[in-house]
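Note sheet for the following structure.
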Amino acid sequence: MSEKVKERVKALLGSGKIKGFLGLSNTYGHVGPHLFSDPNDLDGMVVGDWRLPGDTRYSLNKQLIHIARRYPDDAFGVLVRGCDDRGLKTLYTWNQLNPEKVVPVGVACPQELAEACECLRPYPEEFVDGEKVEGCPFDSVARVNALDMNGRFGYWVKEFSRCIKCYGCRDVCPMCFCNECSLEDEDLVDTGDIPPEIPMFHLTRAVHMAGRCIDCGLCNEVCPSDIPLRTLYKEVSVIIHEEFNYRPGQEAYMKSPLNILGGPSE
């Protein structure tokens, strides 16, 4: 456990600046989300992934939305990495969280983790532990795009055919907060079919991720069929950036170009 993170959280709780801190705990032998409220009860706190993705990851921002709705007048701290920081800024823009009630405690990811995730910015805007490392290009997108049109179509049809329609990618995504989900709309997606209609099911979600995806990779990690969903959404992000010069979470309150009227930004 990072002592710097622990010291920062202890100070925030002790001062009363936050009601609780949403982080990860290994208190019971299994790492999971935990809302810490006692500054003297931080021994089981852990920071999660350190070298490779998928070791211990949870959508803390998504859980923070539910906590904030239940306690709208209280401030809470939350553990963030670079992707989580982008997520918070995007959630502020969509009015899902109040930035005045959120205190992020940042951790920068090491080079190994940045390379494994192909993360363009593997550190939050402010962090108490870790060091800034260079971002990494989307090599997975380049490998798929190196195929011709028929090759790319065949690649994705093969990947999508393994889908068991568990909705894990949607349920874990911190950017999926709609009250009604289009993936459950019978006019868009037929019910009772496994795999779901190819490619409609996954392309419907990809369209909804345009201008929202923060590239946290949780969809990839949770998928029981090992479908490279992160590669799909990275490609969508590339298109949005090329056409509109926009990346979700660049800064708070910068709206997605798909949510405003007008032409591409300069």
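Following the order of the structure tokens, chains are lettered A, B, ..., residues in each are numbered from 1, and ligands are numbered from 1.
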
Subject >> Long-range neighbours of Leu203 in chain A as number ranges by chain, 12 Å cut-off, only C-alpha atoms, 3 positions minimum in chain >> reply: A: 156-157, 160, 182-183, 188-189, 196-200, 206-210, 229, 232-233, 235-236

Go ahead and write the selection's residues with N, CA and C atoms as a short mmCIF file (atom, residue, chain, number, x, y, z; two decimals), in the first residue's frame.
data_model
loop_
_atom_site.label_atom_id
_atom_site.label_comp_id
_atom_site.auth_asym_id
_atom_site.auth_seq_id
_atom_site.Cartn_x
_atom_site.Cartn_y
_atom_site.Cartn_z
N TRP A 156 -13.95 -8.62 -36.74
CA TRP A 156 -14.92 -8.22 -35.73
C TRP A 156 -16.11 -9.18 -35.66
N VAL A 157 -16.53 -9.72 -36.79
CA VAL A 157 -17.62 -10.71 -36.77
C VAL A 157 -17.21 -11.92 -35.93
N PHE A 160 -17.20 -10.76 -32.20
CA PHE A 160 -18.55 -10.55 -31.68
C PHE A 160 -19.32 -11.84 -31.52
N SER A 182 -30.40 1.56 -24.39
CA SER A 182 -30.81 1.21 -25.74
C SER A 182 -30.52 -0.25 -26.06
N LEU A 183 -29.58 -0.87 -25.34
CA LEU A 183 -29.28 -2.28 -25.58
C LEU A 183 -30.40 -3.20 -25.11
N LEU A 188 -34.23 -2.02 -31.26
CA LEU A 188 -32.83 -1.97 -31.70
C LEU A 188 -32.14 -3.32 -31.58
N VAL A 189 -32.44 -4.04 -30.52
CA VAL A 189 -31.76 -5.31 -30.24
C VAL A 189 -32.80 -6.39 -29.97
N PRO A 196 -25.94 -12.01 -29.50
CA PRO A 196 -26.88 -11.00 -29.98
C PRO A 196 -26.60 -10.66 -31.44
N GLU A 197 -27.53 -9.99 -32.06
CA GLU A 197 -27.42 -9.69 -33.48
C GLU A 197 -26.07 -9.06 -33.82
N ILE A 198 -25.38 -9.63 -34.78
CA ILE A 198 -24.06 -9.17 -35.19
C ILE A 198 -24.19 -8.35 -36.48
N PRO A 199 -23.61 -7.14 -36.52
CA PRO A 199 -22.83 -6.47 -35.48
C PRO A 199 -23.65 -5.45 -34.69
N MET A 200 -24.99 -5.45 -34.83
CA MET A 200 -25.83 -4.38 -34.31
C MET A 200 -25.64 -4.14 -32.81
N ALA A 206 -21.05 0.95 -29.24
CA ALA A 206 -19.89 1.73 -29.68
C ALA A 206 -20.30 3.15 -30.04
N VAL A 207 -21.46 3.29 -30.70
CA VAL A 207 -21.96 4.63 -31.04
C VAL A 207 -22.22 5.43 -29.77
N HIS A 208 -22.76 4.79 -28.75
CA HIS A 208 -23.05 5.48 -27.50
C HIS A 208 -21.78 5.81 -26.73
N MET A 209 -20.69 5.12 -27.00
CA MET A 209 -19.43 5.42 -26.36
C MET A 209 -18.67 6.55 -27.06
N ALA A 210 -19.09 6.90 -28.26
CA ALA A 210 -18.43 7.99 -28.99
C ALA A 210 -18.57 9.29 -28.21
N LEU A 229 -12.95 -5.37 -26.63
CA LEU A 229 -13.83 -4.21 -26.70
C LEU A 229 -13.07 -2.89 -26.60
N LEU A 232 -12.08 -1.70 -29.92
CA LEU A 232 -13.21 -1.13 -30.65
C LEU A 232 -13.48 0.30 -30.22
N TYR A 233 -13.48 0.54 -28.91
CA TYR A 233 -13.79 1.89 -28.42
C TYR A 233 -12.62 2.84 -28.63
N GLU A 235 -10.83 2.79 -31.32
CA GLU A 235 -11.01 3.20 -32.70
C GLU A 235 -12.06 4.31 -32.80
N VAL A 236 -13.14 4.17 -32.04
CA VAL A 236 -14.17 5.21 -32.01
C VAL A 236 -13.57 6.52 -31.50
#

Original post:
Counting only C-alpha atoms, what is within 12 Å of range 58-62 of chain A, bar same-chain residues fewer than 5 positions away, as number ranges by chain?
Top reply: A: 21-25, 31-35, 47-49, 53, 67-69, 76-81, 83-92, 96-97, 102-104, 168-178, 214, 216-219, 221-222

**OP:** Mind checking which residues fall within 10 Å of Pro137 in chain A, counting only C-alpha atoms, ignoring those fewer than 6 positions away in the same chain, and posting them as a ChimeraX atom specification?
**Re:** /A:114-115,117-120

Subject >> alpha helix (DSSP H) per DSSP on the backbone: members of range 70-118 of chain A, as a list in words >> reply: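 So, restricting range 70-118 of chain A to alpha helix (DSSP H), we get Arg70, Gly82, Cys83, Asp84, Asp85, Arg86, Gly87, Leu88, Lys89, Thr90, Leu91, Tyr92, Thr93, Gln111, Glu112, Leu113, Ala114, Glu115, Ala116 and Cys117 of chain A.
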